[in-house]
>>> print(open('final_30.txt').read())   # compact mmCIF, C-alpha atoms and all ligand atoms
# COMPACT_ATOMS: atom_id res chain seq x y z
CA MET A 295 16.20 0.32 -12.39
CA ALA A 296 19.56 0.83 -10.71
CA ARG A 297 18.15 3.76 -8.75
CA LEU A 298 15.18 1.78 -7.48
CA SER A 299 17.35 -1.16 -6.68
CA ARG A 300 19.68 0.99 -4.53
CA LEU A 301 16.86 2.85 -2.86
CA SER A 302 14.48 0.04 -2.00
CA PRO A 303 14.55 -2.12 1.12
CA VAL A 304 14.71 -5.27 -1.02
CA ARG A 305 18.11 -6.93 -0.88
CA GLY A 306 19.38 -8.01 -4.28
CA GLY A 307 17.18 -5.72 -6.23
CA ARG A 308 16.46 -6.84 -9.81
CA VAL A 309 13.64 -4.61 -11.08
CA PHE A 310 10.70 -5.11 -13.45
CA LEU A 311 9.18 -1.91 -14.81
CA CYS A 312 5.52 -1.58 -15.84
CA ASN A 313 2.76 1.02 -16.05
CA SER A 314 0.53 0.94 -12.96
CA GLY A 315 -0.01 -0.42 -9.48
CA ALA A 316 -2.31 -3.19 -10.62
CA GLU A 317 0.21 -4.27 -13.24
CA ALA A 318 2.98 -4.34 -10.63
CA VAL A 319 0.82 -6.57 -8.39
CA GLU A 320 -0.20 -8.74 -11.33
CA SER A 321 3.47 -9.21 -12.21
CA ALA A 322 4.50 -9.99 -8.63
CA LEU A 323 1.81 -12.68 -8.38
CA LYS A 324 3.08 -14.27 -11.59
CA PHE A 325 6.70 -14.07 -10.38
CA ALA A 326 5.77 -15.74 -7.07
CA ARG A 327 4.09 -18.64 -8.86
CA LEU A 328 6.95 -18.99 -11.31
CA ALA A 329 9.73 -18.77 -8.72
CA THR A 330 8.15 -21.34 -6.39
CA GLY A 331 6.29 -23.61 -8.81
CA ARG A 332 3.36 -23.34 -6.38
CA LYS A 333 -0.13 -21.95 -6.91
CA LYS A 334 -1.63 -20.67 -3.67
CA ILE A 335 -1.60 -16.94 -2.89
CA ILE A 336 -2.58 -15.67 0.54
CA ALA A 337 -3.97 -12.15 0.91
CA ALA A 338 -5.47 -10.20 3.79
CA MET A 339 -9.07 -9.40 4.53
CA ARG A 340 -9.69 -5.68 3.84
CA GLY A 341 -6.67 -5.60 1.52
CA PHE A 342 -6.75 -3.78 -1.82
CA HIS A 343 -4.35 -4.55 -4.65
CA GLY A 344 -5.91 -3.24 -7.87
CA ARG A 345 -8.55 -3.97 -10.47
CA THR A 346 -7.03 -6.33 -13.02
CA MET A 347 -8.05 -9.97 -12.66
CA GLY A 348 -5.06 -11.21 -10.61
CA ALA A 349 -4.83 -8.08 -8.46
CA LEU A 350 -8.60 -8.18 -7.98
CA SER A 351 -8.39 -11.80 -6.91
CA ALA A 352 -6.13 -10.65 -4.06
CA THR A 353 -8.53 -7.80 -3.19
CA TRP A 354 -10.98 -8.39 -0.36
CA ARG A 355 -14.05 -6.20 -0.85
CA ARG A 356 -17.04 -7.92 -2.40
CA GLU A 357 -18.18 -4.79 -4.30
CA TYR A 358 -14.95 -4.76 -6.30
CA ARG A 359 -14.90 -8.51 -6.95
CA GLU A 360 -18.41 -9.75 -7.52
CA PRO A 361 -19.23 -8.10 -10.87
CA PHE A 362 -16.19 -9.77 -12.44
CA GLU A 363 -16.32 -13.31 -11.07
CA PRO A 364 -15.10 -15.92 -11.64
CA LEU A 365 -11.72 -14.55 -10.65
CA VAL A 366 -8.34 -16.29 -10.68
CA PRO A 367 -8.36 -19.51 -8.59
CA GLY A 368 -5.91 -20.23 -5.78
CA PHE A 369 -6.42 -17.15 -3.58
CA GLU A 370 -7.13 -17.42 0.17
CA PHE A 371 -7.87 -14.63 2.65
CA VAL A 372 -6.79 -14.37 6.27
CA PRO A 373 -7.51 -11.67 8.89
CA TYR A 374 -4.90 -8.88 8.88
CA ASN A 375 -2.53 -8.64 11.86
CA ARG A 376 -3.40 -12.17 13.04
CA MET A 377 -0.29 -14.34 13.13
CA ASP A 378 -2.13 -17.47 14.24
CA SER A 379 -4.30 -17.47 11.08
CA MET A 380 -1.28 -16.86 8.89
CA GLU A 381 0.63 -19.73 10.53
CA ARG A 382 -2.30 -22.04 9.76
CA GLU A 383 -2.62 -20.93 6.13
CA VAL A 384 0.96 -20.80 4.82
CA ASP A 385 1.95 -24.29 3.71
CA ASP A 386 4.05 -26.07 1.11
CA GLU A 387 1.55 -25.16 -1.61
CA THR A 388 1.88 -21.44 -0.93
CA ALA A 389 3.58 -19.40 -3.66
CA GLY A 390 3.27 -16.07 -1.91
CA VAL A 391 1.68 -13.91 0.75
CA ILE A 392 0.70 -10.40 -0.34
CA LEU A 393 0.16 -7.65 2.23
CA GLU A 394 0.08 -3.87 2.54
CA VAL A 395 2.10 -2.32 5.37
CA VAL A 396 -0.81 0.06 5.93
CA GLN A 397 -4.12 -1.04 4.44
CA GLY A 398 -5.20 2.09 2.55
CA GLU A 399 -8.54 1.28 0.94
CA GLY A 400 -9.28 -0.98 3.91
CA GLY A 401 -9.49 2.08 6.17
CA VAL A 402 -5.88 3.14 6.90
CA LEU A 403 -5.31 0.13 9.13
CA LEU A 404 -1.73 -0.03 10.37
CA GLY A 405 0.15 -3.30 10.16
CA ASP A 406 1.77 -4.43 13.38
CA GLY A 407 5.58 -4.60 13.14
CA ASP A 408 5.89 -7.97 14.88
CA TYR A 409 3.18 -9.40 12.66
CA LEU A 410 4.76 -8.18 9.42
CA ARG A 411 8.21 -9.39 10.45
CA GLY A 412 6.63 -12.67 11.55
CA VAL A 413 4.99 -13.15 8.14
CA GLN A 414 8.29 -12.42 6.42
CA ARG A 415 10.03 -15.06 8.57
CA LEU A 416 7.23 -17.59 8.05
CA CYS A 417 7.42 -17.15 4.27
CA GLU A 418 11.16 -17.70 4.37
CA GLU A 419 10.80 -20.84 6.52
CA ARG A 420 8.04 -22.35 4.38
CA GLY A 421 9.40 -21.47 0.94
CA ALA A 422 6.76 -18.89 0.01
CA LEU A 423 7.57 -15.40 -1.28
CA PHE A 424 6.70 -12.36 0.84
CA ILE A 425 5.09 -9.77 -1.43
CA VAL A 426 4.62 -6.26 -0.07
CA ASP A 427 2.30 -3.88 -1.90
CA GLU A 428 3.62 -0.34 -1.39
CA VAL A 429 1.72 1.13 -4.31
CA GLN A 430 0.01 3.56 -1.94
CA THR A 431 2.54 3.77 0.90
CA GLY A 432 5.76 4.09 -1.14
CA PHE A 433 7.84 7.19 -1.90
CA GLY A 434 7.49 9.07 1.37
CA ARG A 435 3.77 8.78 2.01
CA THR A 436 4.09 7.27 5.50
CA GLY A 437 7.06 9.31 6.71
CA ARG A 438 9.79 6.99 5.40
CA MET A 439 10.76 6.50 1.76
CA PHE A 440 9.11 3.07 1.99
CA ALA A 441 6.75 1.95 4.75
CA CYS A 442 8.80 -1.28 4.99
CA GLU A 443 11.54 0.83 6.63
CA HIS A 444 9.37 1.45 9.72
CA TYR A 445 9.59 -2.24 10.54
CA ASP A 446 12.86 -3.24 8.93
CA LEU A 447 11.15 -5.43 6.35
CA SER A 448 12.90 -6.78 3.28
CA PRO A 449 10.27 -8.46 1.11
CA ASP A 450 10.99 -10.83 -1.77
CA LEU A 451 8.80 -8.77 -4.09
CA LEU A 452 8.00 -5.09 -3.57
CA CYS A 453 5.21 -3.54 -5.68
CA LEU A 454 5.48 0.19 -6.40
CA ALA A 455 3.57 2.76 -8.48
CA LYS A 456 1.52 5.94 -7.77
CA GLY A 457 4.10 8.45 -6.46
CA ILE A 458 6.98 6.84 -8.34
CA ALA A 459 6.92 9.16 -11.38
CA GLY A 460 5.17 12.27 -10.06
CA GLY A 461 1.92 11.60 -11.91
CA LEU A 462 3.11 9.85 -15.05
CA PRO A 463 1.99 6.23 -15.43
CA MET A 464 4.60 3.89 -14.03
CA GLY A 465 4.84 0.81 -11.83
CA ALA A 466 7.68 -1.41 -10.68
CA VAL A 467 8.40 -4.67 -8.92
CA VAL A 468 11.68 -4.87 -7.04
CA MET A 469 12.75 -8.50 -6.67
CA GLY A 470 14.93 -10.01 -3.97
CA PRO A 471 17.33 -12.96 -4.33
CA ARG A 472 14.64 -15.61 -4.00
CA ALA A 473 12.93 -14.24 -7.12
CA ALA A 474 16.06 -13.17 -8.97
CA ASP A 475 16.63 -16.25 -11.09
CA LEU A 476 13.48 -15.99 -13.15
CA PRO A 477 14.13 -16.36 -16.84
CA LYS A 478 14.16 -13.08 -18.77
CA LYS A 479 11.31 -12.45 -21.25
CA VAL A 480 8.94 -14.63 -19.27
CA HIS A 481 6.78 -11.58 -18.62
CA GLY A 482 6.77 -8.18 -20.26
CA SER A 483 5.01 -4.95 -21.14
CA THR A 484 5.36 -2.75 -24.25
CA PHE A 485 5.52 0.57 -22.43
CA GLY A 486 7.14 -0.71 -19.22
CA GLY A 487 10.31 1.28 -18.63
CA ASN A 488 9.57 3.81 -21.38
CA PRO A 489 12.04 6.72 -21.42
CA LEU A 490 9.47 9.41 -20.60
CA SER A 491 8.17 7.70 -17.45
CA CYS A 492 11.70 6.75 -16.40
CA ALA A 493 12.91 10.35 -16.76
CA ALA A 494 9.91 11.50 -14.71
CA ALA A 495 10.64 8.85 -12.07
CA LEU A 496 14.29 9.87 -11.77
CA ALA A 497 13.29 13.53 -11.45
CA SER A 498 10.60 12.69 -8.86
CA ILE A 499 12.92 10.54 -6.79
CA ASP A 500 15.57 13.30 -6.85
CA TYR A 501 12.98 15.83 -5.72
CA ILE A 502 11.63 13.57 -2.96
CA LEU A 503 15.17 13.07 -1.64
CA THR A 504 16.52 16.60 -1.99
CA GLU A 505 13.38 18.18 -0.54
CA ARG A 506 13.34 15.55 2.23
CA LEU A 507 9.69 14.77 1.59
CA PRO A 508 9.57 11.63 3.77
CA GLN A 509 10.66 13.73 6.78
CA ARG A 510 8.17 16.40 5.78
CA SER A 511 5.45 13.77 5.55
CA ARG A 512 6.34 12.62 9.08
CA THR A 513 6.22 16.14 10.57
CA LEU A 514 3.15 17.39 8.74
CA GLY A 515 1.41 14.04 9.14
CA SER A 516 1.77 14.24 12.89
CA ARG A 517 0.51 17.87 12.82
CA LEU A 518 -2.55 16.75 10.82
CA LYS A 519 -3.19 13.76 13.06
CA LYS A 520 -2.85 15.77 16.28
CA GLY A 521 -5.10 18.50 14.90
CA LEU A 522 -7.79 16.01 13.90
CA GLU A 523 -7.50 14.24 17.27
CA GLY A 524 -8.15 17.58 18.95
CA ILE A 525 -11.53 18.09 17.25
CA PRO A 526 -14.18 17.74 19.96
CA SER A 527 -16.80 15.96 17.86
CA PRO A 528 -19.10 13.24 19.15
CA VAL A 529 -19.20 11.59 15.70
CA ILE A 530 -15.45 10.76 15.62
CA ARG A 531 -14.67 7.18 16.65
CA GLU A 532 -10.92 7.20 16.00
CA VAL A 533 -8.13 9.12 14.26
CA ARG A 534 -5.20 7.03 13.03
CA GLY A 535 -2.44 7.16 10.47
CA LEU A 536 1.22 7.07 9.57
CA GLY A 537 2.90 10.10 7.99
CA LEU A 538 0.60 11.86 5.54
CA MET A 539 -1.77 8.90 5.36
CA VAL A 540 -4.39 9.77 7.94
CA ALA A 541 -7.93 8.56 8.57
CA VAL A 542 -10.83 9.75 10.65
CA GLU A 543 -13.20 6.91 11.44
CA LEU A 544 -16.71 8.18 12.10
CA LYS A 545 -19.62 6.63 13.92
CA GLY A 546 -21.77 7.21 10.81
CA PRO A 547 -21.27 7.35 7.03
CA ALA A 548 -18.36 9.32 5.61
CA ALA A 549 -19.97 10.31 2.27
CA PRO A 550 -22.06 13.35 3.39
CA ASN A 551 -19.12 14.73 5.35
CA LEU A 552 -16.79 14.25 2.38
CA ALA A 553 -19.25 16.14 0.18
CA ALA A 554 -19.44 18.95 2.75
CA LEU A 555 -15.63 19.07 2.85
CA ALA A 556 -15.46 19.22 -0.97
CA ASP A 557 -17.85 22.20 -0.84
CA ARG A 558 -15.28 23.87 1.42
CA GLY A 559 -12.41 23.10 -0.98
CA VAL A 560 -10.96 20.04 0.82
CA LEU A 561 -10.75 16.85 -1.21
CA ALA A 562 -10.62 13.68 0.88
CA LEU A 563 -11.45 10.07 0.06
CA SER A 564 -13.56 7.45 1.73
CA ALA A 565 -12.09 4.12 2.77
CA GLY A 566 -15.06 1.89 3.45
CA ARG A 567 -18.37 3.33 4.66
CA ASN A 568 -17.31 5.16 7.81
CA VAL A 569 -13.77 6.32 7.15
CA MET A 570 -12.56 9.67 5.79
CA ARG A 571 -9.07 9.31 4.37
CA PHE A 572 -6.59 12.17 3.96
CA LEU A 573 -3.65 11.67 1.59
CA PRO A 574 -2.58 15.22 0.73
CA PRO A 575 0.36 15.90 -1.58
CA LEU A 576 3.63 15.64 0.36
CA VAL A 577 4.34 19.30 -0.52
CA ILE A 578 1.31 20.52 1.46
CA THR A 579 2.19 23.48 3.70
CA GLU A 580 1.62 23.85 7.44
CA ASP A 581 -1.02 26.52 6.81
CA GLN A 582 -2.85 24.24 4.43
CA VAL A 583 -2.79 21.42 6.99
CA ASP A 584 -4.28 23.81 9.56
CA THR A 585 -6.94 24.88 7.08
CA VAL A 586 -7.89 21.22 6.52
CA ILE A 587 -8.16 20.66 10.28
CA GLY A 588 -10.37 23.75 10.61
CA ARG A 589 -12.67 22.67 7.78
CA VAL A 590 -13.01 19.15 9.17
CA ALA A 591 -13.90 20.63 12.56
CA GLU A 592 -16.58 22.80 10.92
CA VAL A 593 -18.08 19.84 9.07
CA LEU A 594 -18.07 17.48 12.04
CA ALA A 595 -19.28 20.08 14.58
C1 LIG A 601 -2.28 -0.74 -2.23
C2 LIG A 601 -2.66 -0.58 -3.67
N1 LIG A 601 -2.29 -1.51 -4.56
C3 LIG A 601 -2.60 -1.41 -5.86
C4 LIG A 601 -3.31 -0.34 -6.35
C5 LIG A 601 -3.65 -0.25 -7.80
O1 LIG A 601 -2.90 0.75 -8.40
P1 LIG A 601 -3.32 1.36 -9.83
O2 LIG A 601 -4.57 2.15 -9.60
O3 LIG A 601 -2.14 2.17 -10.26
O4 LIG A 601 -3.56 0.19 -10.74
C6 LIG A 601 -3.73 0.67 -5.45
C7 LIG A 601 -4.51 1.82 -5.92
O5 LIG A 601 -5.15 2.53 -5.19
C8 LIG A 601 -3.40 0.55 -4.08
O6 LIG A 601 -3.76 1.47 -3.18
>>> encode(input="final_30.txt", output="structure tokens")
Amino acid sequence: MARLSRLSPVRGGRVFLCNSGAEAVESALKFARLATGRKKIIAAMRGFHGRTMGALSATWRREYREPFEPLVPGFEFVPYNRMDSMEREVDDETAGVILEVVQGEGGVLLGDGDYLRGVQRLCEERGALFIVDEVQTGFGRTGRMFACEHYDLSPDLLCLAKGIAGGLPMGAVVMGPRAADLPKKVHGSTFGGNPLSCAAALASIDYILTERLPQRSRTLGSRLKKGLEGIPSPVIREVRGLGLMVAVELKGPAAPNLAALADRGVLALSAGRNVMRFLPPLVITEDQVDTVIGRVAEVLA
């Protein structure tokens, strides 16, 4: 907890430990309601926050939500990167606003720095908590230890998981001063903070720092992005990304191309119908990046 508190961009830094990304989000939503005494949560269109009922209620895509409705009441969606909509929606009933710095599942859509800082300021002014979900972007993925650092953000609640413990199940919420006075024992989890996951997290964080993986992610991410941008294919609409979180948006469906890539030994994900998403391990080598670029070029030729 002390390590996360020192490392994270959240000032104050009390930490709640849990077991997954969805559980971190679920906890942050509860903390926001408890700290403010308000009910409304604002989330972004195309956002993804996990598959438990609260996290799913903050998740945009119909395919994820519909089979499990009715979901938790009190959630509203606004377009991402649109300050005017956010200004209209955040009011004195709003407990929290939850956003990703880069929308991963949504298609690797980059948040605008002014927008994200503006939402943070708006939350502060109107008494809502600013919740940032860095489950996917945390721990070096985007070229900084936390994506918040690109834009100098200091959220009230920061949700972490995935890369935190090098593959062992772990999640965390780092809480700033406006959420620090919550009573203890108001929320909990049997295996949250278990010694095995904590030891793995400490070892992973040490490795990420000593091997300078955020810097590596920045350098190799820009190599990957440039290489993909250089592919002369008529089916590519756009290449975008931050660090080793890179997407190729196609003019047609991603699925057949992803299958063809898998046949050539390259595992990539979809993000929506038309987007191929590349999130390689941060220890990928330059040669491997070049191989990926070559295989993508073959498939999209
Ligand atoms: C931004 C974001 N939030 C939350 C989650 C949920 O994390 P988990 O699968 O560990 O529950 C994910 C998983 O992909 C994610 O990308």
>>> axis_aligned_box(input="final_30.txt", around="ligand LIG 601 (chain A)", padding_each_side="3 Å", output="AutoDock Vina command-line options")
--center_x -3.6 --center_y 0.5 --center_z -6.5 --size_x 9.0 --size_y 10.0 --size_z 14.5
>>> closest_residue(input="final_30.txt", among="A:Ala322, A:Ile458, A:Ala473, A:Leu451", to="Arg297 in chain A", atoms="all atoms listed in the file")
A:Ile458
>>> closest_atom_pairs(input="final_30.txt", of="chain A", to="ligand LIG 601 (chain A)", cutoff="7 Å", atoms="only C-alpha atoms and all ligand atoms", output="Markdown table")
| residue | atom | partner | partner_atom | distance |
| --- | --- | --- | --- | --- |
| A:Ser314 | CA | A:LIG601 | O3 | 4.0 |
| A:Gly315 | CA | A:LIG601 | O1 | 3.3 |
| A:Ala316 | CA | A:LIG601 | O4 | 3.6 |
| A:Glu317 | CA | A:LIG601 | O4 | 6.4 |
| A:Val319 | CA | A:LIG601 | C3 | 6.7 |
| A:Phe342 | CA | A:LIG601 | C1 | 5.4 |
| A:His343 | CA | A:LIG601 | N1 | 3.7 |
| A:Gly344 | CA | A:LIG601 | C5 | 3.7 |
| A:Arg345 | CA | A:LIG601 | O4 | 6.5 |
| A:Glu394 | CA | A:LIG601 | C1 | 6.2 |
| A:Gln397 | CA | A:LIG601 | C1 | 6.9 |
| A:Gly398 | CA | A:LIG601 | O6 | 5.9 |
| A:Glu399 | CA | A:LIG601 | O6 | 6.3 |
| A:Asp427 | CA | A:LIG601 | C1 | 5.6 |
| A:Glu428 | CA | A:LIG601 | C1 | 6.0 |
| A:Val429 | CA | A:LIG601 | C2 | 4.7 |
| A:Gln430 | CA | A:LIG601 | O6 | 4.5 |
| A:Ala455 | CA | A:LIG601 | O3 | 6.0 |
| A:Lys456 | CA | A:LIG601 | O3 | 5.8 |
>>> write_last_selection(input="final_30.txt", atoms="C-alpha atoms", output="compact mmCIF listing (two decimals), keeping the file's coordinate frame")
# COMPACT_ATOMS: atom_id res chain seq x y z
CA SER A 314 0.53 0.94 -12.96
CA GLY A 315 -0.01 -0.42 -9.48
CA ALA A 316 -2.31 -3.19 -10.62
CA GLU A 317 0.21 -4.27 -13.24
CA VAL A 319 0.82 -6.57 -8.39
CA PHE A 342 -6.75 -3.78 -1.82
CA HIS A 343 -4.35 -4.55 -4.65
CA GLY A 344 -5.91 -3.24 -7.87
CA ARG A 345 -8.55 -3.97 -10.47
CA GLU A 394 0.08 -3.87 2.54
CA GLN A 397 -4.12 -1.04 4.44
CA GLY A 398 -5.20 2.09 2.55
CA GLU A 399 -8.54 1.28 0.94
CA ASP A 427 2.30 -3.88 -1.90
CA GLU A 428 3.62 -0.34 -1.39
CA VAL A 429 1.72 1.13 -4.31
CA GLN A 430 0.01 3.56 -1.94
CA ALA A 455 3.57 2.76 -8.48
CA LYS A 456 1.52 5.94 -7.77
>>> residues_around(input="final_30.txt", residues="range 504-516 of chain A", least_positions_apart="4", cutoff="6 Å", atoms="all atoms listed in the file", output="PyMOL selection string")
chain A and resi 434+437-439+500+520+537-538+576
>>> closest_residue(input="final_30.txt", among="A:Gly460, A:Gly341, A:Gly307, A:Gly421", to="Met295 in chain A", atoms="all atoms listed in the file")
A:Gly307
>>> residues_around(input="final_30.txt", residues="Gly486 in chain A", least_positions_apart="3", cutoff="7 Å", atoms="all atoms listed in the file", output="ChimeraX atom specification")
/A:311-313,483
>>> atom_distance(input="final_30.txt", atom1="CA of Ala329 in chain A", atom2="CA of Pro367 in chain A")
18.1 Å
>>> residues_around(input="final_30.txt", residues="range 354-360 of chain A", least_positions_apart="2", cutoff="10 Å", atoms="all atoms listed in the file", output="MDAnalysis selection string")
chainID A and resid 337:345 347 350:352 362:365 370:372 399:400 566
>>> atom_distance(input="final_30.txt", atom1="CA of Arg376 in chain A", atom2="CA of Ala326 in chain A")
22.4 Å
>>> residues_near_point(input="final_30.txt", point="(-1.4, -14.9, -4.1)", cutoff="9 Å", atoms="only C-alpha atoms", output="list in words")
Ala322, Leu323, Lys324, Ala326, Arg327, Lys333, Lys334, Ile335, Ile336, Ala337, Gly348, Ala349, Ser351, Ala352, Gly368, Phe369, Glu370, Thr388, Ala389, Gly390, Val391, Ile392 and Ile425 of chain A
>>> closest_residue(input="final_30.txt", among="A:Gly401, A:Gly482, A:Pro303, A:Pro373", to="Leu544 in chain A", atoms="all atoms listed in the file")
A:Gly401
>>> atom_distance(input="final_30.txt", atom1="CA of Thr436 in chain A", atom2="CA of Met539 in chain A")
6.1 Å
>>> residues_around(input="final_30.txt", residues="Leu594 in chain A", least_positions_apart="6", cutoff="9 Å", atoms="only C-alpha atoms", output="list in words")
Ile525, Pro526, Ser527, Pro528, Val529, Ile530 and Asn551 of chain A
>>> write_last_selection(input="final_30.txt", atoms="C-alpha atoms", output="PDB file, keeping the file's coordinate frame")
ATOM      1  CA  ILE A 525     -11.530  18.090  17.250  1.00  0.00           C
ATOM      2  CA  PRO A 526     -14.180  17.740  19.960  1.00  0.00           C
ATOM      3  CA  SER A 527     -16.800  15.960  17.860  1.00  0.00           C
ATOM      4  CA  PRO A 528     -19.100  13.240  19.150  1.00  0.00           C
ATOM      5  CA  VAL A 529     -19.200  11.590  15.700  1.00  0.00           C
ATOM      6  CA  ILE A 530     -15.450  10.760  15.620  1.00  0.00           C
ATOM      7  CA  ASN A 551     -19.120  14.730   5.350  1.00  0.00           C
TER       8      ASN A 551
END
>>> closest_residue(input="final_30.txt", among="A:Leu410, A:Ala565, A:Val426, A:Val480", to="Leu328 in chain A", atoms="only C-alpha atoms")
A:Val480
>>> residues_around(input="final_30.txt", residues="Ala474 in chain A", least_positions_apart="4", cutoff="7 Å", atoms="all atoms listed in the file", output="ChimeraX atom specification")
/A:308,469-470
>>> decode(input="final_30.txt", residues="range 544-562 of chain A", atoms="N, CA and C atoms", output="short mmCIF file (atom, residue, chain, number, x, y, z; two decimals), in the first residue's frame")
data_model
loop_
_atom_site.label_atom_id
_atom_site.label_comp_id
_atom_site.auth_asym_id
_atom_site.auth_seq_id
_atom_site.Cartn_x
_atom_site.Cartn_y
_atom_site.Cartn_z
N LEU A 544 -9.66 -0.07 -39.20
CA LEU A 544 -9.81 -0.49 -40.59
C LEU A 544 -11.10 0.06 -41.18
N LYS A 545 -11.19 -0.01 -42.48
CA LYS A 545 -12.45 0.40 -43.13
C LYS A 545 -13.47 -0.73 -43.10
N GLY A 546 -13.03 -1.94 -42.78
CA GLY A 546 -13.93 -3.09 -42.70
C GLY A 546 -13.71 -3.80 -41.37
N PRO A 547 -14.32 -5.00 -41.21
CA PRO A 547 -14.24 -5.71 -39.94
C PRO A 547 -12.83 -6.18 -39.58
N ALA A 548 -12.52 -6.14 -38.29
CA ALA A 548 -11.19 -6.54 -37.83
C ALA A 548 -11.05 -8.06 -37.73
N ALA A 549 -12.17 -8.76 -37.43
CA ALA A 549 -12.08 -10.19 -37.05
C ALA A 549 -11.30 -11.06 -38.05
N PRO A 550 -11.61 -11.01 -39.37
CA PRO A 550 -10.86 -11.90 -40.28
C PRO A 550 -9.37 -11.59 -40.30
N ASN A 551 -9.03 -10.33 -40.16
CA ASN A 551 -7.61 -9.94 -40.16
C ASN A 551 -6.92 -10.40 -38.88
N LEU A 552 -7.65 -10.37 -37.77
CA LEU A 552 -7.08 -10.85 -36.50
C LEU A 552 -6.84 -12.36 -36.57
N ALA A 553 -7.78 -13.06 -37.22
CA ALA A 553 -7.60 -14.52 -37.37
C ALA A 553 -6.39 -14.80 -38.25
N ALA A 554 -6.24 -14.03 -39.32
CA ALA A 554 -5.09 -14.23 -40.22
C ALA A 554 -3.78 -13.91 -39.49
N LEU A 555 -3.81 -12.91 -38.63
CA LEU A 555 -2.62 -12.58 -37.84
C LEU A 555 -2.29 -13.71 -36.86
N ALA A 556 -3.34 -14.27 -36.22
CA ALA A 556 -3.12 -15.37 -35.27
C ALA A 556 -2.48 -16.55 -35.99
N ASP A 557 -2.92 -16.80 -37.23
CA ASP A 557 -2.31 -17.89 -38.03
C ASP A 557 -0.83 -17.64 -38.25
N ARG A 558 -0.44 -16.38 -38.24
CA ARG A 558 0.98 -16.03 -38.44
C ARG A 558 1.70 -15.80 -37.11
N GLY A 559 1.06 -16.18 -36.00
CA GLY A 559 1.72 -16.13 -34.70
C GLY A 559 1.65 -14.78 -34.00
N VAL A 560 0.77 -13.87 -34.46
CA VAL A 560 0.63 -12.56 -33.80
C VAL A 560 -0.75 -12.47 -33.16
N LEU A 561 -0.77 -12.33 -31.85
CA LEU A 561 -2.04 -12.25 -31.14
C LEU A 561 -2.40 -10.80 -30.89
N ALA A 562 -3.48 -10.35 -31.50
CA ALA A 562 -3.97 -8.98 -31.26
C ALA A 562 -5.45 -9.10 -30.92
#
